[in-house]
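Since the structure comes first, as structure tokens, the remarks are kept for the end.
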Amino acid sequence: MTTETVTTGLSLDQVLLVPRASDVLPNSVALGTQLSPTVALALPVIGAPAMTDKQVAQQFSENGALAILPAGETQLQDVQDLRAADEATTIGVAVRNAPDAFEIAVTLHAAGASVIYYELDDQLDLAIESLKLLAQQVPPLTILVGPVADEAIARQVLATGIDALVVAPTPGQPVYTVTTTLAFAELAAEFDAAVILGAGIRYSGDIVKAIAAGAIATMVDDQIMTGDLTDNLFQIAGGLRSGMGYTGAATINQLREEAQFVQITAAGLAESHPHDVELTKDAPNYAKN
């Protein structure tokens with residue numbers, strides 16, 4: 001990803017993708033992405049733990065995406081149920097940072113979870129030790145870690161051998177969704193790891209921008225996933241296809257590597273949304289502010 005102007009602190013609302021002449025058609029693009037060498041998604045979208053239950057996880061999986069089951073009393077049973085019914089090709093679970101985090105992650109992995117989202121808190125030393133053990137002793141477990149907003153913390157976490165950082169604000173540490181994603185993607189590449197943007201996604205176009213900034217996927221929540229989940233995921237896929245065709249990117253990796261941004265003003269943002277038209281039916285995940 002490149003920008004036509006170098007400015008610090010850019011968010012998704014402050015940039016537009018630059019169109020490029022090409023023969024790439026939206027219906028011909030490939031939306032698949034690799035979370036790790038062993039886990040691929042047909043759609044680069046991850047449901048946040050706060051919005052996920054067993055049914056949501058199943059619906060995401062049926063649409064080629066992934067939703068993370070939250071930590072809690074029913075988590076292990078949910079994993080076992082999904083695996084027993086073969087209702088999810090990839091199962092993701094959240095694990096809280098705690099002294100028994102390693103043991104919990106091993107148990108969930110043995111039950112059928114192939115993706116762990118390790119939730120950081122202020123006990124970084126404890127997290128680092130657990131992550132080292134998970135990365136070294138539980139292959140081929142795919143390990144996502146977040147929220148991360150600080151570069152020094154990101155570097156320490158990446159050094160443990162994890163697969164991807166989830167970039168999102170932490171107390172006292174904001175995230176400029178474009179600038180931070182770009183910087184952390186470059187850092188993660190030094191460790192053969194990747195970045196997932198876990199904040200600021202309100203429209204399907206934001207997902208296109210996040211991937212163009214270097215993310216391999218985005219984590220979404222109730223800000224965008226309202227109403228019927230299948231309709232939402234269908235619209236997200238369509239918006240991503242449209243954005244990739246607009247920029248001439250045939251694959252997710254090509255979008256990450258070749259897309260260009262231009263900075264816009266608030267007036268430009270308003271102009272970029274539909275205006276002076278009357279909607280006869282609301283899109284499932286679109287509400288203009």
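Chain labels follow the order of the structure tokens: the first chain is A, the next B, and so on; residue numbering restarts at 1 in every chain, and ligands are counted from 1 in their shown order.
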Neighbour list for Ala40 of chain A as a PDB file with C-alpha atoms, in the first residue's frame, cut-off 12 Å, only C-alpha atoms, skip fewer than 2 positions in-chain:
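Output file around_23.pdb is given in full below:
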ATOM      1  CA  LEU A  31     -11.494 -13.207  -1.766  1.00  0.00           C
ATOM      2  CA  GLY A  32      -9.523 -15.913   0.023  1.00  0.00           C
ATOM      3  CA  THR A  33      -6.911 -15.061   2.662  1.00  0.00           C
ATOM      4  CA  GLN A  34      -4.445 -17.001   4.810  1.00  0.00           C
ATOM      5  CA  LEU A  35      -4.604 -16.468   8.561  1.00  0.00           C
ATOM      6  CA  SER A  36      -1.653 -18.809   8.912  1.00  0.00           C
ATOM      7  CA  PRO A  37       0.061 -21.513   6.860  1.00  0.00           C
ATOM      8  CA  THR A  38      -2.619 -23.987   8.002  1.00  0.00           C
ATOM      9  CA  ALA A  42     -12.773 -17.768   1.838  1.00  0.00           C
ATOM     10  CA  LEU A  43     -13.850 -14.334   3.132  1.00  0.00           C
ATOM     11  CA  PRO A  44     -11.401 -12.140   5.126  1.00  0.00           C
ATOM     12  CA  VAL A  45     -13.848 -11.363   7.933  1.00  0.00           C
ATOM     13  CA  ILE A  46     -13.704 -12.413  11.586  1.00  0.00           C
ATOM     14  CA  SER A  61     -18.281 -20.640   8.791  1.00  0.00           C
ATOM     15  CA  GLY A  64     -16.419 -18.774   4.420  1.00  0.00           C
ATOM     16  CA  ALA A  65     -15.627 -16.479   7.350  1.00  0.00           C
ATOM     17  CA  LEU A  66     -14.705 -17.079  11.002  1.00  0.00           C
ATOM     18  CA  THR A  89     -14.687 -26.018   9.077  1.00  0.00           C
ATOM     19  CA  THR A  90     -12.594 -23.668  11.220  1.00  0.00           C
ATOM     20  CA  ILE A  91     -13.367 -22.989  14.871  1.00  0.00           C
ATOM     21  CA  SER A 114      -7.801 -24.483  15.335  1.00  0.00           C
ATOM     22  CA  VAL A 115      -7.626 -20.714  15.953  1.00  0.00           C
ATOM     23  CA  THR A 142      -3.115 -20.577  14.673  1.00  0.00           C
ATOM     24  CA  ILE A 216      -5.042  -9.909   5.958  1.00  0.00           C
ATOM     25  CA  ALA A 217      -8.547  -9.696   7.453  1.00  0.00           C
TER      26      ALA A 217
END
Handout entry: Who sits within 9 Å of segment 181-186 of chain A, only C-alpha atoms, same chain under 3 positions skipped, as a ChimeraX atom specification
Key = /A:1,149,151,154,165,167,175-178,189-190,193-197,210-215
Practice task
If you run DSSP over the backbone, which residues in segment 41-214 of chain A end up alpha helix (DSSP H)? Put them as a PyMOL selection string.
Solution key: chain A and resi 54-62+75-84+101-111+124-137+151-158+177-189+204-212
Would you save the residues of that selection, restricted to C-alpha atoms, as a PDB file, in the first residue's frame?
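The result, written out as part30.pdb:
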ATOM      1  CA  LYS A  54     -22.429 -21.117  18.601  1.00  0.00           C
ATOM      2  CA  GLN A  55     -25.046 -20.175  15.982  1.00  0.00           C
ATOM      3  CA  VAL A  56     -23.106 -17.112  14.852  1.00  0.00           C
ATOM      4  CA  ALA A  57     -19.933 -19.195  14.553  1.00  0.00           C
ATOM      5  CA  GLN A  58     -21.804 -21.677  12.381  1.00  0.00           C
ATOM      6  CA  GLN A  59     -23.239 -18.968  10.102  1.00  0.00           C
ATOM      7  CA  PHE A  60     -19.866 -17.304   9.629  1.00  0.00           C
ATOM      8  CA  SER A  61     -18.281 -20.640   8.791  1.00  0.00           C
ATOM      9  CA  GLU A  62     -21.007 -21.470   6.273  1.00  0.00           C
ATOM     10  CA  GLN A  75     -17.099 -22.322  25.310  1.00  0.00           C
ATOM     11  CA  LEU A  76     -15.692 -25.845  25.490  1.00  0.00           C
ATOM     12  CA  GLN A  77     -19.121 -27.390  24.976  1.00  0.00           C
ATOM     13  CA  ASP A  78     -19.750 -25.080  22.006  1.00  0.00           C
ATOM     14  CA  VAL A  79     -16.501 -26.202  20.386  1.00  0.00           C
ATOM     15  CA  GLN A  80     -17.350 -29.855  20.970  1.00  0.00           C
ATOM     16  CA  ASP A  81     -20.867 -29.390  19.561  1.00  0.00           C
ATOM     17  CA  LEU A  82     -19.628 -27.637  16.437  1.00  0.00           C
ATOM     18  CA  ARG A  83     -16.962 -30.261  15.832  1.00  0.00           C
ATOM     19  CA  ALA A  84     -19.294 -33.191  16.516  1.00  0.00           C
ATOM     20  CA  ALA A 101      -4.338 -19.735  29.710  1.00  0.00           C
ATOM     21  CA  PHE A 102      -1.949 -22.307  28.230  1.00  0.00           C
ATOM     22  CA  GLU A 103      -3.881 -25.254  29.688  1.00  0.00           C
ATOM     23  CA  ILE A 104      -7.213 -23.794  28.547  1.00  0.00           C
ATOM     24  CA  ALA A 105      -5.897 -23.245  25.022  1.00  0.00           C
ATOM     25  CA  VAL A 106      -4.545 -26.817  24.848  1.00  0.00           C
ATOM     26  CA  THR A 107      -7.911 -28.206  25.964  1.00  0.00           C
ATOM     27  CA  LEU A 108      -9.822 -26.147  23.410  1.00  0.00           C
ATOM     28  CA  HIS A 109      -7.392 -27.128  20.663  1.00  0.00           C
ATOM     29  CA  ALA A 110      -7.794 -30.802  21.522  1.00  0.00           C
ATOM     30  CA  ALA A 111     -11.587 -30.356  21.353  1.00  0.00           C
ATOM     31  CA  LEU A 124       2.145  -8.549  29.441  1.00  0.00           C
ATOM     32  CA  ASP A 125       4.880 -10.740  30.979  1.00  0.00           C
ATOM     33  CA  LEU A 126       2.324 -13.452  31.743  1.00  0.00           C
ATOM     34  CA  ALA A 127       0.983 -13.267  28.193  1.00  0.00           C
ATOM     35  CA  ILE A 128       4.446 -13.494  26.651  1.00  0.00           C
ATOM     36  CA  GLU A 129       5.268 -16.690  28.547  1.00  0.00           C
ATOM     37  CA  SER A 130       1.952 -18.309  27.603  1.00  0.00           C
ATOM     38  CA  LEU A 131       2.298 -17.312  23.952  1.00  0.00           C
ATOM     39  CA  LYS A 132       5.815 -18.729  23.736  1.00  0.00           C
ATOM     40  CA  LEU A 133       4.568 -22.074  25.034  1.00  0.00           C
ATOM     41  CA  LEU A 134       1.585 -22.104  22.676  1.00  0.00           C
ATOM     42  CA  ALA A 135       3.674 -21.232  19.626  1.00  0.00           C
ATOM     43  CA  GLN A 136       6.376 -23.783  20.425  1.00  0.00           C
ATOM     44  CA  GLN A 137       4.396 -26.690  21.846  1.00  0.00           C
ATOM     45  CA  GLU A 151       4.611  -0.795  18.676  1.00  0.00           C
ATOM     46  CA  ALA A 152       6.900  -1.972  21.478  1.00  0.00           C
ATOM     47  CA  ILE A 153       4.264  -4.401  22.745  1.00  0.00           C
ATOM     48  CA  ALA A 154       3.588  -5.543  19.196  1.00  0.00           C
ATOM     49  CA  ARG A 155       7.269  -6.368  18.722  1.00  0.00           C
ATOM     50  CA  GLN A 156       7.420  -8.395  21.950  1.00  0.00           C
ATOM     51  CA  VAL A 157       4.288 -10.335  21.030  1.00  0.00           C
ATOM     52  CA  LEU A 158       5.466 -11.040  17.491  1.00  0.00           C
ATOM     53  CA  THR A 177      -6.809   2.639  11.520  1.00  0.00           C
ATOM     54  CA  VAL A 178      -4.912   3.220   8.269  1.00  0.00           C
ATOM     55  CA  THR A 179      -1.578   4.484   9.583  1.00  0.00           C
ATOM     56  CA  THR A 180      -1.316   1.977  12.438  1.00  0.00           C
ATOM     57  CA  THR A 181      -2.325  -0.952  10.239  1.00  0.00           C
ATOM     58  CA  LEU A 182       0.289   0.020   7.667  1.00  0.00           C
ATOM     59  CA  ALA A 183       3.045   0.357  10.271  1.00  0.00           C
ATOM     60  CA  PHE A 184       2.164  -2.861  12.097  1.00  0.00           C
ATOM     61  CA  ALA A 185       1.855  -4.832   8.854  1.00  0.00           C
ATOM     62  CA  GLU A 186       5.408  -3.838   7.968  1.00  0.00           C
ATOM     63  CA  LEU A 187       6.576  -4.796  11.450  1.00  0.00           C
ATOM     64  CA  ALA A 188       4.735  -8.129  11.395  1.00  0.00           C
ATOM     65  CA  ALA A 189       6.320  -9.012   8.049  1.00  0.00           C
ATOM     66  CA  SER A 204     -17.997  -2.905   3.620  1.00  0.00           C
ATOM     67  CA  GLY A 205     -15.777  -0.259   2.009  1.00  0.00           C
ATOM     68  CA  ASP A 206     -13.833  -0.003   5.268  1.00  0.00           C
ATOM     69  CA  ILE A 207     -12.858  -3.648   4.874  1.00  0.00           C
ATOM     70  CA  VAL A 208     -11.434  -2.911   1.433  1.00  0.00           C
ATOM     71  CA  LYS A 209      -9.409  -0.008   2.855  1.00  0.00           C
ATOM     72  CA  ALA A 210      -8.166  -2.060   5.813  1.00  0.00           C
ATOM     73  CA  ILE A 211      -6.855  -4.797   3.547  1.00  0.00           C
ATOM     74  CA  ALA A 212      -5.339  -2.201   1.219  1.00  0.00           C
TER      75      ALA A 212
END
Exercise for the section: Find the residue from A:Ile116, A:Ala30, A:Asp13, A:Val220 that sits nearest to Leu233 of chain A; use only C-alpha atoms when measuring. Expected result: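 Under the stated criterion, the closest residue is A:Val220.
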Problem - Which of segment 130-246 of chain A fall in strand (DSSP E), as a list of chain:residue names - result: A:Thr142, A:Ile143, A:Leu144, A:Val145, A:Gly146, A:Pro147, A:Val148, A:Ala164, A:Leu165, A:Val166, A:Val167, A:Ala194, A:Val195, A:Ile196, A:Leu197, A:Ala217, A:Thr218, A:Met219, A:Val220
Exercise for the section: Select, from A:Ala199, A:Leu12, A:Val29, A:Leu17, the residue with the minimum atom-to-atom distance to Met219 of chain A, counting only C-alpha atoms. Expected result: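 Among the listed residues, A:Ala199 lies closest to Met219 of chain A.
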